[in-house]
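So the structure is just underneath, and the comments pick up after that.
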Amino acid sequence: MKIEEFTISLLCGSDKKVVQNQKESLKELEDKYLIHWNNRIDRHPEMYSSYSEMINHTIATSTTEFIVFINDRVKPTVEEVDKLINLLENGFGFVMLYNVGFMGFSKQLVRKIGWWDERFLLGGWEDRDWVWRIKAHNISIYESQESTHDYSWKSDLNKTGGIYSHYIFMKKYDQKSTNVVFKELDELHYEKWNLYLGDEISEISNSWSGWKSSVLNKEYNMVKESGDSSSKILNNRAIINDIIFPKKIYKLFFRLSKYFKS
């Protein structure tokens, strides 16, 4: 699959100079691709209720199928965006070059797994949720922190949800078992965003490899501020939707399988 056209969204909403510098550093991409710019500072320079809402709004207002998202503290390069696009062309459904601060995916991924969860108010844990949902759908990801991220400053518009977002995550996923995670909250439907999502493109989802082909936890040992990667927290556990396959039934099958093996 060849990607010749995509949107870049620079997510800074507080400083036009940051946006100009990032855009200038990526200008050469226009020599190779048809680039559309959908920058937050032009569209919505105010705060969002959540990081998820910002991402959903970006997806809904982008005119192309593929989108690259870059936050205000990332120092992106042409080579990195080129690599991200190449990875999306070659079997990865979701690519992170600095967590979800520098990421890319297609609208087809949203059609398959749903929108970003806006219950994670302000921010925090929505990134883990997104990765875990991709794992549950058996789609490969590229997970890294190999880009440059400036931790020396933070915009007033970038708020962290902290305790409440963590509470939602723990309520959504029962992690008591060492073998499996039970997903206990279903995804919300955002009709206001669905209006702009477009039709299925099976060619894209057919090109994805399975989760086992993922590249995980790349260079997360270099920086400690962002914590463990989503895949490391998941620790290779399966994810089971408790609404579809209740944990009581799962535990019964598990006990029976151990009984018959013995």
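Ordered as shown in the structure tokens, chains take letters A, B, and onward, while each chain numbers its residues from 1 and ligands are numbered from 1 in the order shown.
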For segment 209-213 of chain A, find every residue with an atom within 10 Å (counting only C-alpha atoms), except residues of its own chain fewer than 2 positions away, and show them as a tab-separated table (two decimals) with N, CA and C atoms, in the first residue's frame.
chain	number	residue	atom	x	y	z
A	90	ASN	N	3.56	-0.50	5.56
A	90	ASN	CA	4.11	-1.86	5.61
A	90	ASN	C	3.63	-2.66	6.82
A	91	GLY	N	2.30	-2.64	7.03
A	91	GLY	CA	1.69	-3.59	7.95
A	91	GLY	C	1.35	-3.11	9.34
A	92	PHE	N	1.80	-1.90	9.71
A	92	PHE	CA	1.48	-1.40	11.05
A	92	PHE	C	0.21	-0.55	11.00
A	93	GLY	N	-0.74	-0.86	11.90
A	93	GLY	CA	-1.99	-0.10	11.94
A	93	GLY	C	-1.86	1.19	12.71
A	134	ILE	N	-6.33	-1.69	20.54
A	134	ILE	CA	-5.70	-2.17	19.31
A	134	ILE	C	-5.25	-3.61	19.49
A	135	LYS	N	-4.64	-3.89	20.65
A	135	LYS	CA	-4.23	-5.27	20.97
A	135	LYS	C	-5.43	-6.21	20.94
A	136	ALA	N	-6.54	-5.77	21.54
A	136	ALA	CA	-7.75	-6.61	21.57
A	136	ALA	C	-8.26	-6.92	20.17
A	137	HIS	N	-7.97	-6.03	19.21
A	137	HIS	CA	-8.39	-6.25	17.82
A	137	HIS	C	-7.30	-6.91	16.97
A	138	ASN	N	-6.20	-7.30	17.62
A	138	ASN	CA	-5.12	-8.03	16.94
A	138	ASN	C	-4.55	-7.25	15.75
A	139	ILE	N	-4.17	-6.00	16.00
A	139	ILE	CA	-3.57	-5.14	14.98
A	139	ILE	C	-2.17	-4.75	15.43
A	140	SER	N	-1.22	-4.78	14.54
A	140	SER	CA	0.17	-4.50	14.91
A	140	SER	C	0.41	-3.00	15.11
A	141	ILE	N	1.31	-2.69	16.05
A	141	ILE	CA	1.69	-1.31	16.31
A	141	ILE	C	3.21	-1.19	16.34
A	142	TYR	N	3.67	0.03	16.16
A	142	TYR	CA	5.08	0.39	16.35
A	142	TYR	C	5.09	1.37	17.51
A	205	SER	N	-7.24	-2.01	6.15
A	205	SER	CA	-7.26	-2.97	7.26
A	205	SER	C	-6.75	-4.34	6.82
A	206	ASN	N	-6.92	-4.69	5.55
A	206	ASN	CA	-6.39	-5.96	5.06
A	206	ASN	C	-4.86	-5.95	5.00
A	207	SER	N	-4.28	-4.76	4.99
A	207	SER	CA	-2.81	-4.65	4.91
A	207	SER	C	-2.15	-4.77	6.29
A	215	VAL	N	6.29	-3.93	16.96
A	215	VAL	CA	7.57	-3.52	17.55
A	215	VAL	C	7.21	-2.75	18.81
A	216	LEU	N	7.63	-3.26	19.98
A	216	LEU	CA	7.13	-2.73	21.25
A	216	LEU	C	8.25	-2.19	22.12
Nearest to Met103 of chain A, restricted to only C-alpha atoms and choosing among A:Trp115, A:Phe69, A:Phe120, A:Trp125, comes out as A:Phe69
I'd like the neighbourhood of segment 40-56 of chain A as a list in words, where a residue qualifies if any of its atoms comes within 7 Å (using only C-alpha atoms), though same-chain residues fewer than 5 positions away should be ignored.
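The filter keeps Ser9, Leu10, Leu11, Cys12, Gly13, Ser14, Trp115, Trp116, Asp117, Glu118, Phe120, Leu121, Leu122, Gly123, Glu126 and Leu157 of chain A.
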I need the alpha helix (DSSP H) residues of segment 6-252 of chain A per DSSP on the backbone, written as a PyMOL selection string.
chain A and resi 16-25+40-43+51-61+78-89+107-113+126-136+163-172+191-194+202-206+230-234+247-252
Select, from A:Thr178, A:Asn217, A:Thr77, A:Asn71, the residue with the minimum atom-to-atom distance to Val100 of chain A, counting only C-alpha atoms.
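So, comparing all the options, the nearest one is A:Asn71.
Reported to one decimal place, the separation of atom CA of Glu5 of chain A from atom CA of Ile70 of chain A is 16.9 Å.
Of the residues listed (A:Asp31, A:Thr61, A:Leu234, A:Ser165), A:Thr61 shows the shortest atom-to-atom separation from Leu195 of chain A; distances use only C-alpha atoms.
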So which one's closest to Lys112 of chain A, A:Asp174, A:Asp156, A:Glu28, A:Glu200? Using only C-alpha atoms, please.
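For Lys112 of chain A, the nearest of the given residues is A:Glu200.
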Give me, as number ranges by chain, all polymer residues having an atom no more than 8 Å from Val74 of chain A, counting only C-alpha atoms and skipping those fewer than 2 positions away in the same chain.
A: 70-72, 76, 98, 101-102, 147-150
Would you list the contacts of Asn236 of chain A as a PyMOL selection string, taking every protein, DNA or RNA residue within 10 Å and counting only C-alpha atoms, but skipping same-chain residues closer than 2 positions in sequence?
chain A and resi 135+178-181+231-234+238-239
Just to be explicit: take each residue in the selection above, keep N, CA and C atoms, and write the result as an mmCIF file, in the first residue's frame.
data_model
loop_
_atom_site.group_PDB
_atom_site.id
_atom_site.type_symbol
_atom_site.label_atom_id
_atom_site.label_comp_id
_atom_site.auth_asym_id
_atom_site.auth_seq_id
_atom_site.Cartn_x
_atom_site.Cartn_y
_atom_site.Cartn_z
ATOM 1 N N LYS A 135 -4.643 -3.886 20.653
ATOM 2 C CA LYS A 135 -4.225 -5.266 20.969
ATOM 3 C C LYS A 135 -5.428 -6.206 20.944
ATOM 4 N N THR A 178 -3.248 -12.367 36.338
ATOM 5 C CA THR A 178 -1.922 -12.263 35.726
ATOM 6 C C THR A 178 -1.935 -12.749 34.279
ATOM 7 N N ASN A 179 -3.023 -13.389 33.861
ATOM 8 C CA ASN A 179 -3.090 -13.982 32.523
ATOM 9 C C ASN A 179 -3.940 -13.182 31.536
ATOM 10 N N VAL A 180 -4.923 -12.467 32.062
ATOM 11 C CA VAL A 180 -5.897 -11.831 31.185
ATOM 12 C C VAL A 180 -6.383 -10.530 31.797
ATOM 13 N N VAL A 181 -6.784 -9.594 30.935
ATOM 14 C CA VAL A 181 -7.420 -8.350 31.371
ATOM 15 C C VAL A 181 -8.857 -8.375 30.866
ATOM 16 N N SER A 231 2.400 -1.266 26.321
ATOM 17 C CA SER A 231 2.558 -2.715 26.175
ATOM 18 C C SER A 231 3.221 -3.325 27.404
ATOM 19 N N LYS A 232 4.133 -2.591 28.030
ATOM 20 C CA LYS A 232 4.785 -3.123 29.222
ATOM 21 C C LYS A 232 3.792 -3.258 30.366
ATOM 22 N N ILE A 233 2.902 -2.300 30.518
ATOM 23 C CA ILE A 233 1.872 -2.376 31.557
ATOM 24 C C ILE A 233 0.923 -3.552 31.280
ATOM 25 N N LEU A 234 0.621 -3.767 30.020
ATOM 26 C CA LEU A 234 -0.260 -4.885 29.651
ATOM 27 C C LEU A 234 0.407 -6.233 29.924
ATOM 28 N N ALA A 238 -3.833 -11.311 27.530
ATOM 29 C CA ALA A 238 -4.944 -11.216 26.590
ATOM 30 C C ALA A 238 -5.973 -10.232 27.139
ATOM 31 N N ILE A 239 -6.742 -9.632 26.248
ATOM 32 C CA ILE A 239 -7.816 -8.722 26.656
ATOM 33 C C ILE A 239 -9.139 -9.331 26.214
#
As number ranges by chain, please: the residues near Leu26 of chain A (cut-off 10 Å, only C-alpha atoms, same-chain neighbours under 5 positions excluded).
A: 8, 21, 76-81
Keeping C-alpha atoms, export the residues of the selection given above as a PDB file, in the first residue's frame.
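Result file part_38.pdb:
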ATOM      1  CA  ILE A   8      -0.193  16.689   9.481  1.00  0.00           C
ATOM      2  CA  ASN A  21       9.030  26.203  13.704  1.00  0.00           C
ATOM      3  CA  PRO A  76       9.975  16.388  14.486  1.00  0.00           C
ATOM      4  CA  THR A  77      12.180  15.788  11.465  1.00  0.00           C
ATOM      5  CA  VAL A  78      11.411  15.018   7.831  1.00  0.00           C
ATOM      6  CA  GLU A  79      13.156  11.664   8.206  1.00  0.00           C
ATOM      7  CA  GLU A  80      10.968  10.696  11.156  1.00  0.00           C
ATOM      8  CA  VAL A  81       7.692  11.487   9.386  1.00  0.00           C
TER       9      VAL A  81
END
